[in-house]
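Trainee: Take a look at this one; I'll ask things after.
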Amino acid sequence: MSKLITISPVTRIEGHAKITIQLDENNDVADARFHVNEFRGFEKFTEGRLLWEMPGITSRICGICPASHLVTSAKAGDDILAVEIPETAEKLRRLLTLAQWLQSHALSFFHLSSPDFLLGFDSDPAARNVFGLIAADKEFTKRGIRLRKFGQEIIEILGGRRIHTPWTVPGGVREPLEPAMKDQMLNWIPEARETVGLALDALKKIHKKYAKEIPEFGNFRSLLVGLVTEDGGLEYYDGFLRIKDGNDNTIADAVDPKKYFDYFGEAVEPWSYLKFPYYKPLDYPKGMYRVGPLARVNICDYIETPLAEAERKIFKSLSGNVNVVNNSFYYHYARCIEMLFAVEKIEMLLKDPAILGQNIRSQASINRPEGIGCAEAPRGVLFHHYNVNKDGVIQKADLLIATAQNNLAMNRTVRQIASHFIDGKKGKITEGILNRVEAGIRCYDPCLSCSTHALGQMPLHVELLDAAGNVLDEVRR
Amino acid sequence: MNKVLVIGYGNTLRGDDAAGIRAAELIAKRFAEVECVLVHQLMPELAEQISGCDIVIFIDADVNVTQPVIKSIRPGIEENQPRSHFISPESLLRLSQQLYQRIPQKAYVIGIPASQFEFSEELSEMTKKAVEESVILIESLLLSGNLK
């Protein structure tokens with residue numbers, strides 16, 4: 001009889017999920033899966049709503065990256081209105097996007113992943129959390145929370161509300177930036193830059209400490225997908241799609257993001273609510289690809305800000321002779337590089353006189369029945385695709401989120417870590433090994449549509465499967 | 001006068017999950033001197049704001065109650081550990097205590113009965129009524145002197 005090991009729910013990631021590890025007759029790992037239990041039905045929910053409402057609605061999908069949905073939705077609206085938005089509006093949207101990166105990456109690195117790094121994968125699980133982190137390094141923890149707060153404050157200043165602000169709209173943004181608010185944001189820059197420096201220093205020590213383990217943390221070749229500027233630089237708001245493989249071959253370049261459906265399909269599996277996007281020419285599941293910080297920092301030719309560019313070069317030196325860092329553990333490093341870039345670029349944007357411009361919105365009626373918006377969310381490239389009628393009423397909405405695009409890679413990562421660390425013959429799995437499996441998932445910082453967090457409600461679903469995949473037992477609570 | 005902070009949280013696209021937000025919105029309208037924060041979910045950076053107030057009231061939807069309930073809370077930690085991006089009111093208090101060396105003199109969680117979490121911007125009739133009741137409950141707390 002094969003054995004099934006279940007880790008549920010996965011701690012310190014967004015939403016609700018579980019992992020199952022299937023052992024074979026010889027007690028070797030036969031398979032491992034990352035299941036997502038949360039159903040996302042909001043696309044259907046938006047049908048019948050007005051286009052102009054969509055940024056405000058879609059930004060309420062998730063409490064973690066509302067600004068990314070806000071910007072991407074507004075861009076889909078721009079496409080339907082067929083407008084070019086004013087320069088100031090674009091710069092303000094860029095500022096918002098970078099603030100989103102910063103607050104999300106800071107939470108992922110300092111709050112969710114640092115307990116593993118600084119306290120150890122095998123440390124006491126009761127203390128392997130933010131409170132253990134405070135005990136170990138209070139200032140480091142505080143700095144991380146303040147860095148996130150900086151990102152949140154920009155979002156709040158721009159939108160007037162902390163979350164789910166409908167400030168970004170089709171055609172531009174609703175309000176210009178006040179000079180005093182610009183200065184308030186600039187005051188944060190020195191501290192923010194220093195804090196990211198502390199994160200990078202800590203992470204580099206971790207790379208040495210776990211040098212033997214890191215090669216087993218989702219180390220495989222896959223396609224890497226993200227936006228780049230026209231001349232190949234790191235991009236986050238606009239630009240073109242670039243697809244590279246794990247050997248640094250460019251598979252596709254200068255792809256108009258509006259053509260995404262020509263390149264990517266979505267498969268479904270009966271054991272997960274999360275879809276499995278794949279690169280169509282390679283078919284499913286061979287068309288596995290990764291998005292997010294690891295992909296972005298790998299595929300770009302340069303980063304326009306000096307400190308981040310210097311770190312990118314060090315990052316690339318980890319790749320050996322293929323010029324691609326294929327190991328998912330280095331998502332953390334790429335995330336820190338992006339935090340550095342975000343701080344530098346926010347400063348550049350704020351010092352640009354155009355940021356205070358008053359021309360912030362292009363007005364137009366419905367000019368196209370279909371529109372696609374694309375931007376880089378913290379976890380990877382995000383697409384909003386809408387069809388509307390002549391009055392701008394949504395007939396169909398399709399959202400391709402970053403976490404789904406990493407789904408195949410997350411499953412591959414879980415399998416690799418489980419296969420390496422679990423010795424089924426011992427019949428015992430230590431808590432430290434379970435934590436490593438979870439940590440493999442945390443590299444991607446998945447966001448599984450945070451839905452409800454009502455008191456007393458903790459969705460938990462455990463399935464027991466035999467070797468043939470039949471359900472032997474099922475528990476819900 | 002004590003500095004009172006009300007934090008209403010929930011997902012406004014998921015039916016009754018918005019109960020805490022709706023109640024906090026009503027409190028903001030009726031008590032100008034009370035600082036109200038509306039958030040999708042609790043986040044660690046709230047700890048600093050909490051450390052600066054005298055009384056904090058968290059308001060959330062609750063599937064385990066049939067009428068609004070008030071619970072006094074102290075700094076603590078979830079059984080499993082802070083998981084994901086979700087953090088409990090008790091953990092936030094503990095974060096305030098450990099990072100900023102100060103916690104409010106009093107801290108409460110108001111649980112509002114909730115049962116429907118489908119995609120909707122409407123509260124169920126039961127929860128709508130309970131939101132009103134919870135606001136009355138909070139008002140009585142604010143006016144009774146308990147919070148002054």
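Residue names in the structure tokens use chain letters A, B, ... in the order shown, residue numbers from 1 in each chain, and ligand numbers from 1 in the order shown.
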Which residues in segment 115-198 of chain A does DSSP call strand (DSSP E or B)? List them as a PyMOL selection string.

Mentor: chain A and resi 168-169+172-173

Trainee: Each residue of chain B with at least one atom at most 10 Å from chain A should appear once, together with its nearest atom pair and the corresponding distance in Å (one decimal); atoms considered: only C-alpha atoms; ordering: chain, then increasing residue number; output as a Markdown table.

Mentor:
| residue | atom | partner | partner_atom | distance |
| --- | --- | --- | --- | --- |
| B:Tyr9 | CA | A:His453 | CA | 8.9 |
| B:Gly10 | CA | A:Thr452 | CA | 6.8 |
| B:Asn11 | CA | A:Thr452 | CA | 6.3 |
| B:Thr12 | CA | A:Arg60 | CA | 7.0 |
| B:Leu13 | CA | A:Arg60 | CA | 6.6 |
| B:Arg14 | CA | A:Thr452 | CA | 7.0 |
| B:Gly15 | CA | A:Thr452 | CA | 9.4 |
| B:Asp16 | CA | A:Ala454 | CA | 8.9 |
| B:Asp17 | CA | A:Thr452 | CA | 6.0 |
| B:Ala18 | CA | A:Thr452 | CA | 9.0 |
| B:Ala19 | CA | A:Ala454 | CA | 9.4 |
| B:Gly20 | CA | A:Ala454 | CA | 9.4 |
| B:Val37 | CA | A:Arg162 | CA | 8.7 |
| B:Leu38 | CA | A:Arg162 | CA | 8.0 |
| B:Val39 | CA | A:Ile163 | CA | 6.7 |
| B:His40 | CA | A:Gly63 | CA | 5.1 |
| B:Gln41 | CA | A:Gly63 | CA | 6.3 |
| B:Leu42 | CA | A:Gly63 | CA | 9.2 |
| B:Met43 | CA | A:Leu107 | CA | 9.2 |
| B:Pro44 | CA | A:Ile145 | CA | 6.7 |
| B:Glu45 | CA | A:Ile145 | CA | 5.7 |
| B:Leu46 | CA | A:Lys149 | CA | 8.9 |
| B:Ala47 | CA | A:Ile145 | CA | 9.3 |
| B:Glu48 | CA | A:Arg146 | CA | 9.3 |
| B:Ile59 | CA | A:Leu455 | CA | 9.9 |
| B:Asp60 | CA | A:Ala454 | CA | 6.4 |
| B:Ala61 | CA | A:Ala454 | CA | 4.9 |
| B:Asp62 | CA | A:Leu455 | CA | 4.5 |
| B:Val63 | CA | A:Gly456 | CA | 6.0 |
| B:Asn64 | CA | A:Gly456 | CA | 6.1 |
| B:Val65 | CA | A:Gly456 | CA | 9.3 |
| B:Ile77 | CA | A:Phe131 | CA | 9.0 |
| B:Glu79 | CA | A:Ala126 | CA | 8.8 |
| B:Asn80 | CA | A:Ala126 | CA | 7.5 |
| B:Gln81 | CA | A:Asn129 | CA | 6.6 |
| B:Pro82 | CA | A:Asn129 | CA | 6.5 |
| B:Arg83 | CA | A:Arg12 | CA | 3.9 |
| B:Ser84 | CA | A:Arg12 | CA | 3.3 |
| B:His85 | CA | A:Glu14 | CA | 5.5 |
| B:Phe86 | CA | A:Glu14 | CA | 7.5 |
| B:Ile87 | CA | A:His453 | CA | 9.9 |
| B:Ser88 | CA | A:Leu455 | CA | 9.4 |
| B:Ser91 | CA | A:Phe131 | CA | 9.0 |
| B:Arg94 | CA | A:Phe131 | CA | 8.4 |
| B:Leu95 | CA | A:Phe131 | CA | 7.5 |
| B:Gln98 | CA | A:Ile134 | CA | 7.4 |
| B:Leu99 | CA | A:Lys142 | CA | 6.7 |
| B:Tyr100 | CA | A:Lys142 | CA | 9.0 |
| B:Val109 | CA | A:Leu455 | CA | 9.9 |
| B:Ile110 | CA | A:Leu455 | CA | 9.9 |
| B:Gly111 | CA | A:Leu455 | CA | 7.3 |
| B:Ile112 | CA | A:Leu455 | CA | 9.0 |
| B:Pro113 | CA | A:Ala454 | CA | 9.5 |
| B:Ala114 | CA | A:Ala454 | CA | 8.0 |
| B:Ser115 | CA | A:Ala454 | CA | 9.5 |
| B:Phe117 | CA | A:Thr452 | CA | 7.3 |
| B:Glu118 | CA | A:Gly41 | CA | 8.9 |
| B:Phe119 | CA | A:Phe45 | CA | 6.6 |
| B:Ser120 | CA | A:Phe45 | CA | 7.9 |
| B:Glu121 | CA | A:Ile57 | CA | 9.9 |

Trainee: In Å to one decimal, how far is atom CA of Ala74 of chain A from atom CA of Ala364 of chain A?

Mentor: 13.3 Å

Trainee: Would you please extract all helix (DSSP H, G or I) residues from segment 160-380 of chain A, as assigned by DSSP on the backbone, and give them as a PyMOL selection string?

Mentor: chain A and resi 179-186+189-209+214-216+257-263+280-282+293-299+306-319+328-350+353-356

Trainee: Given the choices B:Arg74, B:Lys129, B:Lys29, B:Lys3, which gets closest to Leu92 of chain B if the distance is worked out from only C-alpha atoms?

Mentor: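 Using only C-alpha atoms, Leu92 of chain B sits closest to B:Arg74.
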
Trainee: Kindly give the distance, in Å, that separates atom CA of Val393 of chain A and atom CA of Arg368 of chain A, rounded to a single decimal.

Mentor: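 Atom-to-atom, atom CA of Val393 of chain A to atom CA of Arg368 of chain A, that is 12.1 Å.
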
Trainee: If I take atom CA of Tyr289 of chain A and atom CA of Glu47 of chain A, how far is one from the other in Å, to one decimal?

Mentor: 29.7 Å

Trainee: Just checking: using only C-alpha atoms, which residue out of A:Val196, A:Leu434, A:Val255, A:Leu294 ends up closest to Leu307 of chain A?

Mentor: A:Val196

Trainee: Tell me which of B:Pro104, B:Pro89, B:Phe31, B:Ile70 sits closest to Ile7 of chain B, counting only C-alpha atoms.

Mentor: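 Smallest separation from Ile7 of chain B among the options: B:Pro89.
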
Trainee: Excluding Ala334 of chain A and residues on its chain fewer than 3 positions from it, collect all residues at most 12 Å away from it, counting only C-alpha atoms, and give them as a VMD selection string.

Mentor: chain A and resid 105 109 199 to 200 203 to 204 234 291 to 300 303 308 to 309 311 to 316 318 325 to 331 337 to 341 378 to 379 443 to 444

Trainee: Hey, which of A:Met185, A:Ile433, A:Ala342, A:Val36 ends up closest to Thr403 of chain A? Count only C-alpha atoms.

Mentor: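 With only C-alpha atoms as the atom set, the closest residue is A:Val36.
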
Trainee: Which residues come within 6 Å of Ala402 of chain A, counting only C-alpha atoms, excluding same-chain residues fewer than 6 positions away, as a PyMOL selection string?

Mentor: chain A and resi 379-382

Trainee: Restricting the calculation to only C-alpha atoms: of B:Ser72, B:Ser96, B:Gln49, B:Thr127, which residue gets closest to Val6 of chain B?

Mentor: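 The closest residue to Val6 of chain B is B:Gln49.
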
Trainee: Measuring between only C-alpha atoms, which one of A:Leu227, A:Val83, A:Ile417, A:Ala310 shows the shortest distance to Pro215 of chain A?

Mentor: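 Closest residue, counting only C-alpha atoms: A:Ile417.
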
Trainee: Within 10 Å of Leu98 of chain A, counting only C-alpha atoms, which residues qualify if same-chain residues fewer than 4 places away don't, as a list in words?

Mentor: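 Everything that qualifies: Ala67, Ser68, Leu92, Arg93, Arg94, Leu102, Gln103, Ser104, Gly151, Ile154, Ile155, Tyr236, Tyr237, Glu338, Met339, Phe341, Ala342, Val343, Lys345, Ile346, Glu376, Ala377 and Pro378 of chain A.
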
Trainee: Suppose we keep C-alpha atoms; can you now write the selection as an mmCIF file, in the first residue's frame?

Mentor:
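Everything below was put into out.cif:
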data_model
loop_
_atom_site.group_PDB
_atom_site.id
_atom_site.type_symbol
_atom_site.label_atom_id
_atom_site.label_comp_id
_atom_site.auth_asym_id
_atom_site.auth_seq_id
_atom_site.Cartn_x
_atom_site.Cartn_y
_atom_site.Cartn_z
ATOM 1 C CA ALA A 67 -2.767 48.072 -7.078
ATOM 2 C CA SER A 68 -1.606 45.584 -9.718
ATOM 3 C CA LEU A 92 1.753 58.059 -11.617
ATOM 4 C CA ARG A 93 0.590 54.567 -12.556
ATOM 5 C CA ARG A 94 4.219 53.486 -12.720
ATOM 6 C CA LEU A 102 7.819 47.163 -2.736
ATOM 7 C CA GLN A 103 5.129 46.459 -0.151
ATOM 8 C CA SER A 104 4.443 42.966 -1.477
ATOM 9 C CA GLY A 151 4.952 51.053 -0.217
ATOM 10 C CA ILE A 154 2.524 55.631 -1.510
ATOM 11 C CA ILE A 155 -0.565 53.628 -2.431
ATOM 12 C CA TYR A 236 7.096 46.587 -14.999
ATOM 13 C CA TYR A 237 4.281 48.620 -16.519
ATOM 14 C CA GLU A 338 13.560 44.348 -7.542
ATOM 15 C CA MET A 339 13.004 46.049 -4.192
ATOM 16 C CA PHE A 341 15.136 48.864 -8.274
ATOM 17 C CA ALA A 342 11.737 49.972 -6.969
ATOM 18 C CA VAL A 343 13.284 52.314 -4.400
ATOM 19 C CA LYS A 345 13.045 54.174 -9.625
ATOM 20 C CA ILE A 346 10.480 55.660 -7.237
ATOM 21 C CA GLU A 376 4.028 43.134 -14.028
ATOM 22 C CA ALA A 377 2.455 42.357 -10.657
ATOM 23 C CA PRO A 378 4.844 41.452 -7.817
#

Trainee: Neighbouring residues of segment 436-441 of chain A were defined as those with any atom within 6 Å, considering only C-alpha atoms; residues of the same chain fewer than 6 positions away were excluded. Please report them as a VMD selection string.

Mentor: chain A and resid 217 410 414 417
